[in-house]
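To start, the structure under review is shown below, and the notes come after it.
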Amino acid sequence: HLGLLKAKLAKLRRELLEDPAGSGGGGKGEGFDVRSTGIARVGLVGFPSVGKSTLLTKLTGTFSEAASYEFTTLTCVPGVIRYMGAKIQLLDLPGIIEGAKDGKGRGRQVIATARTCSLILIVLDVMKPMTHKAVIEKELEGFGIRLNKKPPNIVFRKKEKGGINFNNSGTSGAITIDAVKSILNEYKIHNADVYLKEEVTTDDLVDVVECSEGKGRGVVYIPVLYVLNKIDQITREELELVDKMENCCPICAQKEWNLDGLLERIWAKLELKRIYTKPKGMMPDFEEPVVLPANKVRTRKKYTS
């Protein structure tokens with residue numbers, strides 16, 4: 001029953017994105033029209049006045065208006081980070097508020113643009129409650145963004161006939177054939193192969209079906225780095241405490257503290273590789289590497305980093 005309800009909710013969310021008439025605050029959720037440049041796209045997401053615009057200016061040299069009042073940035077401001085021979089696009093997105101996934105404060109446009117990113121930087125003000133982190137995570141998850149997760153190892157194939165062919169060998173059997181049929185029935189799928197190759201939840205199965213049925217509006221899996229800004233306003237003891245947070249990088253954008261460390265973390269999260277070309281009979285060219293995602297690199301040479 002829970003699996004069926006989750007499937008209904010996921011389906012309704014997707015339909016809302018495709019036809020948001022009357023909901024306001026985001027058009028069709030296609031986000032702001034910013035042409036993608038560089039090898040990867042990184043988005044700055046956070047509440048208003050947490051230092052996103054200042055961070056963009058410090059990292060890229062692109063001016064983005066910053067002020068002491070909220071909602072200074074009203075559109076998407078792009079910049080380019082040049083690091084390790086790569087060009088990485090950085091987007092300063094307007095601040096989001098609670099209820100953004102439902103269209104409040106142009107939130108759907110902001111989050112729809114975040115869906116196109118290779119990496120999301122959730123910028124937090126260390127002087128504000130850390131509950132802001134959970135609120136932003138909820139808004140992104142509600143818009144079909146899975147944070148710091150890998151796609152579940154589930155094989156799902158629709159077919160013309162033959163009914164539901166289900167195999168959960170290698171798992172504890174927590175998901176039954178009845179649960180699978182209930183979920184697929186919600187999508188009017190009556191013939192499919194479903195193979196579970198690891199321990200998964202009904203949420204994972206719904207996500208896989210949504211990716212199949214969503215036609216680009218389904219679930220996306222994006223790595224996230226939490227940027228804790230304004231550390232100049234806390235004590236050393238407090239800094240040591242917040243630094244224990246998983247996937248976080250403490251900085252002070254205004255004073256340019258630890259920006260080099262942030263760039264290193266961004267590079268690591270994006271999993272980029274530099275490829276040095278070597279003309280026949282000559283030394284490798286170490287000046288201008290070809291930068292590619294690690295999953296697209298296959299090499300037996302040692303000239304990668």
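We name chains A, B, ... following the order of the structure tokens; residues begin at 1 in each chain, and ligands are numbered from 1 as shown.
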List the neighbours of Ile88 of chain A out to 8 Å using only C-alpha atoms; skip same-chain residues closer than 3 positions along the sequence, and give me the result as a PyMOL selection string.
chain A and resi 37-42+80-83
What's the 10 Å shell around segment 260-274 of chain A, counting only C-alpha atoms, without same-chain residues fewer than 3 positions away, as a compact mmCIF listing (two decimals) with N, CA, C and O atoms, in the first residue's frame?
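Result file selection-v9.txt:
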# COMPACT_ATOMS: atom_id res chain seq x y z
N ILE A 39 33.31 22.09 -19.28
CA ILE A 39 33.25 20.63 -19.16
C ILE A 39 32.18 20.19 -18.18
O ILE A 39 31.68 19.07 -18.24
N ALA A 40 31.76 21.08 -17.26
CA ALA A 40 30.76 20.72 -16.25
C ALA A 40 30.04 21.98 -15.79
O ALA A 40 30.53 23.10 -15.98
N ARG A 41 28.88 21.78 -15.20
CA ARG A 41 28.08 22.90 -14.68
C ARG A 41 27.85 22.70 -13.19
O ARG A 41 27.42 21.63 -12.75
N VAL A 42 28.16 23.75 -12.40
CA VAL A 42 28.00 23.72 -10.95
C VAL A 42 27.01 24.81 -10.56
O VAL A 42 27.14 25.96 -11.00
N LEU A 59 35.23 33.46 -7.18
CA LEU A 59 35.73 32.29 -7.89
C LEU A 59 35.88 32.52 -9.38
O LEU A 59 36.74 31.92 -10.03
N ILE A 81 34.74 29.10 -13.97
CA ILE A 81 35.93 28.81 -13.16
C ILE A 81 36.97 28.17 -14.07
O ILE A 81 36.67 27.21 -14.79
N ARG A 82 38.19 28.68 -14.06
CA ARG A 82 39.30 28.07 -14.79
C ARG A 82 40.22 27.42 -13.77
O ARG A 82 40.87 28.10 -12.99
N TYR A 83 40.23 26.10 -13.79
CA TYR A 83 40.96 25.35 -12.76
C TYR A 83 41.50 24.06 -13.35
O TYR A 83 40.78 23.33 -14.04
N MET A 84 42.77 23.79 -13.12
CA MET A 84 43.41 22.55 -13.56
C MET A 84 43.26 22.33 -15.07
O MET A 84 43.11 21.21 -15.54
N GLY A 85 43.28 23.42 -15.83
CA GLY A 85 43.16 23.31 -17.27
C GLY A 85 41.75 23.12 -17.77
O GLY A 85 41.54 22.90 -18.96
N ALA A 86 40.76 23.20 -16.88
CA ALA A 86 39.37 22.99 -17.26
C ALA A 86 38.55 24.26 -17.07
O ALA A 86 38.86 25.09 -16.22
N ILE A 88 34.90 25.35 -15.94
CA ILE A 88 33.73 24.84 -15.23
C ILE A 88 32.74 25.99 -15.07
O ILE A 88 33.08 27.03 -14.50
N SER A 118 25.95 19.41 -12.99
CA SER A 118 26.77 18.22 -12.71
C SER A 118 27.06 18.11 -11.22
O SER A 118 27.33 17.02 -10.71
N LEU A 119 27.02 19.24 -10.53
CA LEU A 119 27.29 19.30 -9.09
C LEU A 119 26.50 20.45 -8.51
O LEU A 119 26.39 21.51 -9.12
N ILE A 120 25.94 20.25 -7.31
CA ILE A 120 25.22 21.31 -6.62
C ILE A 120 26.00 21.70 -5.36
O ILE A 120 26.38 20.82 -4.57
N LEU A 121 26.24 22.99 -5.21
CA LEU A 121 26.84 23.51 -3.98
C LEU A 121 25.73 24.13 -3.15
O LEU A 121 25.15 25.15 -3.54
N ASN A 148 23.69 13.07 -3.60
CA ASN A 148 24.79 12.17 -3.22
C ASN A 148 24.37 10.70 -3.21
O ASN A 148 24.75 9.93 -2.33
N ILE A 222 22.49 13.66 -8.49
CA ILE A 222 23.50 14.73 -8.56
C ILE A 222 24.30 14.77 -7.26
O ILE A 222 23.72 14.78 -6.18
N PRO A 223 25.64 14.80 -7.36
CA PRO A 223 26.46 14.95 -6.15
C PRO A 223 26.29 16.35 -5.55
O PRO A 223 26.02 17.31 -6.27
N VAL A 224 26.45 16.43 -4.24
CA VAL A 224 26.24 17.69 -3.51
C VAL A 224 27.41 17.94 -2.57
O VAL A 224 27.92 17.01 -1.94
N LEU A 225 27.82 19.20 -2.50
CA LEU A 225 28.83 19.63 -1.54
C LEU A 225 28.23 20.77 -0.73
O LEU A 225 27.68 21.72 -1.29
N VAL A 227 28.61 23.97 1.37
CA VAL A 227 29.58 25.05 1.57
C VAL A 227 29.13 25.87 2.77
O VAL A 227 28.09 26.55 2.72
N ASN A 247 30.62 15.71 3.74
CA ASN A 247 30.55 16.41 2.45
C ASN A 247 30.44 17.92 2.60
O ASN A 247 29.70 18.58 1.87
N CYS A 248 31.17 18.49 3.55
CA CYS A 248 31.11 19.93 3.76
C CYS A 248 32.47 20.56 3.53
O CYS A 248 33.51 19.90 3.60
N CYS A 249 32.46 21.87 3.24
CA CYS A 249 33.70 22.64 3.06
C CYS A 249 33.48 24.01 3.67
O CYS A 249 32.74 24.83 3.13
N PRO A 250 34.11 24.31 4.81
CA PRO A 250 33.94 25.62 5.44
C PRO A 250 34.77 26.68 4.73
O PRO A 250 35.95 26.46 4.39
N ILE A 251 34.19 27.85 4.48
CA ILE A 251 34.88 28.95 3.80
C ILE A 251 34.43 30.28 4.36
O ILE A 251 33.46 30.36 5.13
N GLU A 256 37.95 35.43 1.36
CA GLU A 256 38.63 34.45 0.49
C GLU A 256 39.36 33.36 1.29
O GLU A 256 40.41 32.88 0.87
N TRP A 257 38.78 32.95 2.40
CA TRP A 257 39.36 31.87 3.19
C TRP A 257 38.95 30.53 2.61
O TRP A 257 37.78 30.26 2.35
N THR A 277 47.77 14.80 -24.42
CA THR A 277 48.01 14.20 -25.72
C THR A 277 49.51 14.08 -25.98
O THR A 277 50.29 14.93 -25.55
N PHE A 286 51.94 19.02 -21.88
CA PHE A 286 51.42 19.23 -20.53
C PHE A 286 50.82 20.62 -20.34
O PHE A 286 50.48 20.99 -19.22
N GLU A 288 48.08 22.12 -22.34
CA GLU A 288 46.64 22.18 -22.56
C GLU A 288 46.05 20.77 -22.57
O GLU A 288 45.92 20.14 -23.62
N PRO A 289 45.69 20.25 -21.40
CA PRO A 289 45.11 18.90 -21.34
C PRO A 289 43.68 18.86 -21.86
O PRO A 289 42.99 19.88 -21.89
N VAL A 290 43.26 17.69 -22.28
CA VAL A 290 41.86 17.44 -22.60
C VAL A 290 41.20 16.95 -21.31
O VAL A 290 41.66 15.98 -20.71
N VAL A 291 40.15 17.62 -20.88
CA VAL A 291 39.49 17.28 -19.61
C VAL A 291 38.20 16.54 -19.90
O VAL A 291 37.35 17.00 -20.67
N LEU A 292 38.05 15.36 -19.27
CA LEU A 292 36.87 14.52 -19.47
C LEU A 292 36.38 13.98 -18.13
O LEU A 292 37.17 13.83 -17.19
N PRO A 293 35.10 13.65 -18.03
CA PRO A 293 34.61 12.93 -16.84
C PRO A 293 35.31 11.58 -16.72
O PRO A 293 35.61 10.94 -17.73
N ALA A 294 35.56 11.14 -15.49
CA ALA A 294 36.31 9.90 -15.27
C ALA A 294 35.64 8.69 -15.89
O ALA A 294 36.31 7.76 -16.35
N ASN A 295 34.30 8.69 -15.94
CA ASN A 295 33.60 7.52 -16.49
C ASN A 295 33.71 7.42 -18.00
O ASN A 295 33.26 6.45 -18.60
N LYS A 296 34.30 8.43 -18.64
CA LYS A 296 34.49 8.39 -20.09
C LYS A 296 35.95 8.17 -20.47
O LYS A 296 36.31 8.25 -21.64
N VAL A 297 36.79 7.91 -19.46
CA VAL A 297 38.22 7.77 -19.71
C VAL A 297 38.62 6.31 -19.61
O VAL A 297 38.36 5.64 -18.61
N TYR A 303 49.78 9.22 -18.33
CA TYR A 303 49.73 10.65 -18.46
C TYR A 303 48.35 11.21 -18.15
O TYR A 303 47.83 12.08 -18.83
N THR A 304 47.68 10.70 -17.16
CA THR A 304 46.39 11.24 -16.73
C THR A 304 46.49 11.64 -15.26
O THR A 304 47.31 11.12 -14.51
N SER A 305 45.66 12.59 -14.86
CA SER A 305 45.66 13.01 -13.46
C SER A 305 44.30 13.62 -13.13
O SER A 305 43.54 13.95 -14.00
Distance query segment 161-174 of chain A at most 9 Å, only C-alpha atoms, self and fewer than 3 positions along chain excluded, as JSON, numbers by chain:
{"A": [158, 177, 180, 181, 189, 190, 191, 192, 193, 194, 195, 196, 197, 198, 199, 200, 201]}
Looking at only C-alpha atoms, which of A:Val126, A:Leu9, A:Asp207, A:Thr131 is the one that sits closest to Lys150 of chain A?
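Residue with the minimum atom-to-atom distance to Lys150 of chain A: A:Asp207.
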Using DSSP assignments from the backbone, pull out every residue in segment 127-254 of chain A that falls under helix (DSSP H, G or I) and give it to me as a PyMOL selection string.
chain A and resi 131-142+177-186+202-213+231-233+236-242
Using C-alpha atoms, can you export the residues from the last selection as a CSV table (one decimal), in the first residue's frame?
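Result written to selection-v2.csv:
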chain,number,residue,atom,x,y,z
A,131,THR,CA,17.9,23.1,10.0
A,132,HIS,CA,18.2,25.1,6.8
A,133,LYS,CA,20.2,22.2,5.3
A,134,ALA,CA,17.3,19.8,5.9
A,135,VAL,CA,14.8,22.3,4.4
A,136,ILE,CA,16.9,22.7,1.2
A,137,GLU,CA,17.4,19.0,0.9
A,138,LYS,CA,13.6,18.4,1.2
A,139,GLU,CA,12.9,21.0,-1.6
A,140,LEU,CA,15.4,19.4,-4.0
A,141,GLU,CA,14.3,15.9,-3.2
A,142,GLY,CA,10.7,16.9,-3.8
A,177,ILE,CA,6.0,-9.3,-6.5
A,178,ASP,CA,2.7,-7.9,-5.2
A,179,ALA,CA,4.4,-4.6,-4.3
A,180,VAL,CA,6.0,-4.5,-7.7
A,181,LYS,CA,2.7,-5.1,-9.5
A,182,SER,CA,0.9,-2.4,-7.4
A,183,ILE,CA,3.6,0.2,-8.3
A,184,LEU,CA,3.6,-0.7,-12.0
A,185,ASN,CA,-0.1,-0.8,-12.2
A,186,GLU,CA,-0.2,2.8,-11.2
A,202,THR,CA,10.1,0.9,-2.9
A,203,ASP,CA,11.3,4.5,-3.3
A,204,ASP,CA,14.2,3.2,-5.4
A,205,LEU,CA,11.9,1.2,-7.6
A,206,VAL,CA,9.5,4.2,-8.1
A,207,ASP,CA,12.5,6.3,-9.0
A,208,VAL,CA,13.6,3.8,-11.7
A,209,VAL,CA,10.1,3.7,-13.2
A,210,GLU,CA,9.9,7.5,-13.1
A,211,CYS,CA,13.2,7.7,-15.0
A,212,SER,CA,11.7,5.4,-17.6
A,213,GLU,CA,8.3,7.2,-17.8
A,231,ILE,CA,33.3,31.1,9.2
A,232,ASP,CA,35.0,34.3,10.2
A,233,GLN,CA,32.0,34.9,12.6
A,236,ARG,CA,37.7,27.9,16.4
A,237,GLU,CA,35.8,25.3,18.5
A,238,GLU,CA,32.6,25.9,16.6
A,239,LEU,CA,34.6,25.6,13.3
A,240,GLU,CA,36.0,22.2,14.4
A,241,LEU,CA,32.4,21.1,15.2
A,242,VAL,CA,30.8,22.1,11.8
Computed interatomic separation between atom CA of Arg157 of chain A and atom CA of Ala112 of chain A (Å):
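The value is 27.3 Å.
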Based on the backbone DSSP call, show me all residues of segment 42-246 of chain A assigned strand (DSSP E), as a PDB file with C-alpha atoms, in the first residue's frame.
ATOM      1  CA  VAL A  42      27.996  23.720 -10.949  1.00  0.00           C
ATOM      2  CA  GLY A  43      25.010  25.423  -9.320  1.00  0.00           C
ATOM      3  CA  LEU A  44      24.949  27.530  -6.155  1.00  0.00           C
ATOM      4  CA  VAL A  45      21.773  26.797  -4.195  1.00  0.00           C
ATOM      5  CA  VAL A  77      24.041  34.702 -13.188  1.00  0.00           C
ATOM      6  CA  PRO A  78      26.672  32.510 -14.910  1.00  0.00           C
ATOM      7  CA  GLY A  79      30.436  32.587 -14.524  1.00  0.00           C
ATOM      8  CA  VAL A  80      33.359  30.375 -15.493  1.00  0.00           C
ATOM      9  CA  ILE A  81      35.930  28.812 -13.164  1.00  0.00           C
ATOM     10  CA  ARG A  82      39.295  28.070 -14.785  1.00  0.00           C
ATOM     11  CA  TYR A  83      40.958  25.350 -12.763  1.00  0.00           C
ATOM     12  CA  ALA A  86      39.366  22.986 -17.262  1.00  0.00           C
ATOM     13  CA  LYS A  87      36.543  25.470 -17.714  1.00  0.00           C
ATOM     14  CA  ILE A  88      33.729  24.845 -15.232  1.00  0.00           C
ATOM     15  CA  GLN A  89      30.508  26.836 -15.458  1.00  0.00           C
ATOM     16  CA  LEU A  90      29.278  28.232 -12.130  1.00  0.00           C
ATOM     17  CA  LEU A  91      25.658  29.409 -11.777  1.00  0.00           C
ATOM     18  CA  ASP A  92      24.534  31.837  -9.089  1.00  0.00           C
ATOM     19  CA  LEU A 119      27.289  19.297  -9.089  1.00  0.00           C
ATOM     20  CA  ILE A 120      25.219  21.313  -6.617  1.00  0.00           C
ATOM     21  CA  LEU A 121      26.836  23.509  -3.976  1.00  0.00           C
ATOM     22  CA  ILE A 122      24.383  24.067  -1.137  1.00  0.00           C
ATOM     23  CA  VAL A 123      25.608  27.287   0.462  1.00  0.00           C
ATOM     24  CA  LEU A 124      24.790  27.649   4.157  1.00  0.00           C
ATOM     25  CA  ASP A 125      25.355  30.505   6.594  1.00  0.00           C
ATOM     26  CA  ILE A 145      16.837  15.436  -7.348  1.00  0.00           C
ATOM     27  CA  ARG A 146      18.568  12.640  -5.424  1.00  0.00           C
ATOM     28  CA  LEU A 147      21.492  14.059  -3.475  1.00  0.00           C
ATOM     29  CA  ILE A 154      17.646  -2.340 -10.819  1.00  0.00           C
ATOM     30  CA  VAL A 155      16.974  -3.687 -14.294  1.00  0.00           C
ATOM     31  CA  PHE A 156      13.621  -2.477 -15.595  1.00  0.00           C
ATOM     32  CA  ARG A 157      12.467  -3.253 -19.125  1.00  0.00           C
ATOM     33  CA  LYS A 158       8.990  -2.836 -20.536  1.00  0.00           C
ATOM     34  CA  ILE A 164       5.481  -9.080 -14.917  1.00  0.00           C
ATOM     35  CA  ASN A 165       8.693 -11.100 -14.708  1.00  0.00           C
ATOM     36  CA  PHE A 166      10.187 -10.420 -11.265  1.00  0.00           C
ATOM     37  CA  ASN A 167      13.496 -11.599  -9.779  1.00  0.00           C
ATOM     38  CA  ALA A 192       7.827  -5.805 -17.840  1.00  0.00           C
ATOM     39  CA  ASP A 193      11.004  -7.427 -16.555  1.00  0.00           C
ATOM     40  CA  VAL A 194      12.093  -6.286 -13.091  1.00  0.00           C
ATOM     41  CA  TYR A 195      15.367  -7.569 -11.653  1.00  0.00           C
ATOM     42  CA  LEU A 196      16.634  -6.376  -8.259  1.00  0.00           C
ATOM     43  CA  VAL A 220      18.224  12.783 -11.512  1.00  0.00           C
ATOM     44  CA  TYR A 221      21.184  11.802  -9.331  1.00  0.00           C
ATOM     45  CA  ILE A 222      23.496  14.727  -8.565  1.00  0.00           C
ATOM     46  CA  VAL A 224      26.243  17.690  -3.514  1.00  0.00           C
ATOM     47  CA  LEU A 225      28.827  19.627  -1.542  1.00  0.00           C
ATOM     48  CA  TYR A 226      27.761  21.694   1.481  1.00  0.00           C
ATOM     49  CA  VAL A 227      29.575  25.048   1.566  1.00  0.00           C
ATOM     50  CA  LEU A 228      29.575  26.536   5.070  1.00  0.00           C
ATOM     51  CA  ASN A 229      30.101  30.264   4.559  1.00  0.00           C
TER      52      ASN A 229
END
For atom CA of Leu12 of chain A and atom CA of Cys76 of chain A, quote the distance in Å rounded to one decimal.
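So the answer is 27.5 Å.
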Can you tell me which residues surround Ile96 of chain A at a distance of at most 8 Å, considering only C-alpha atoms, apart from same-chain residues fewer than 5 positions away, and format the answer as a compact mmCIF listing (two decimals) with C-alpha atoms, in the first residue's frame?
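Okay, this is what ended up in result26.txt:
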# COMPACT_ATOMS: atom_id res chain seq x y z
CA VAL A 45 21.77 26.80 -4.20
CA GLY A 46 20.77 28.21 -0.84
CA PHE A 47 18.57 30.57 1.12
CA PRO A 48 18.77 34.31 0.38
CA GLY A 105 9.56 32.56 -4.87
CA ARG A 106 10.27 31.32 -8.43
CA GLY A 107 11.56 28.23 -6.68
CA VAL A 110 15.62 27.73 -9.62
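Taking atom CA of Pro94 of chain A and atom CA of Phe143 of chain A as endpoints, the distance between them is 16.5 Å.
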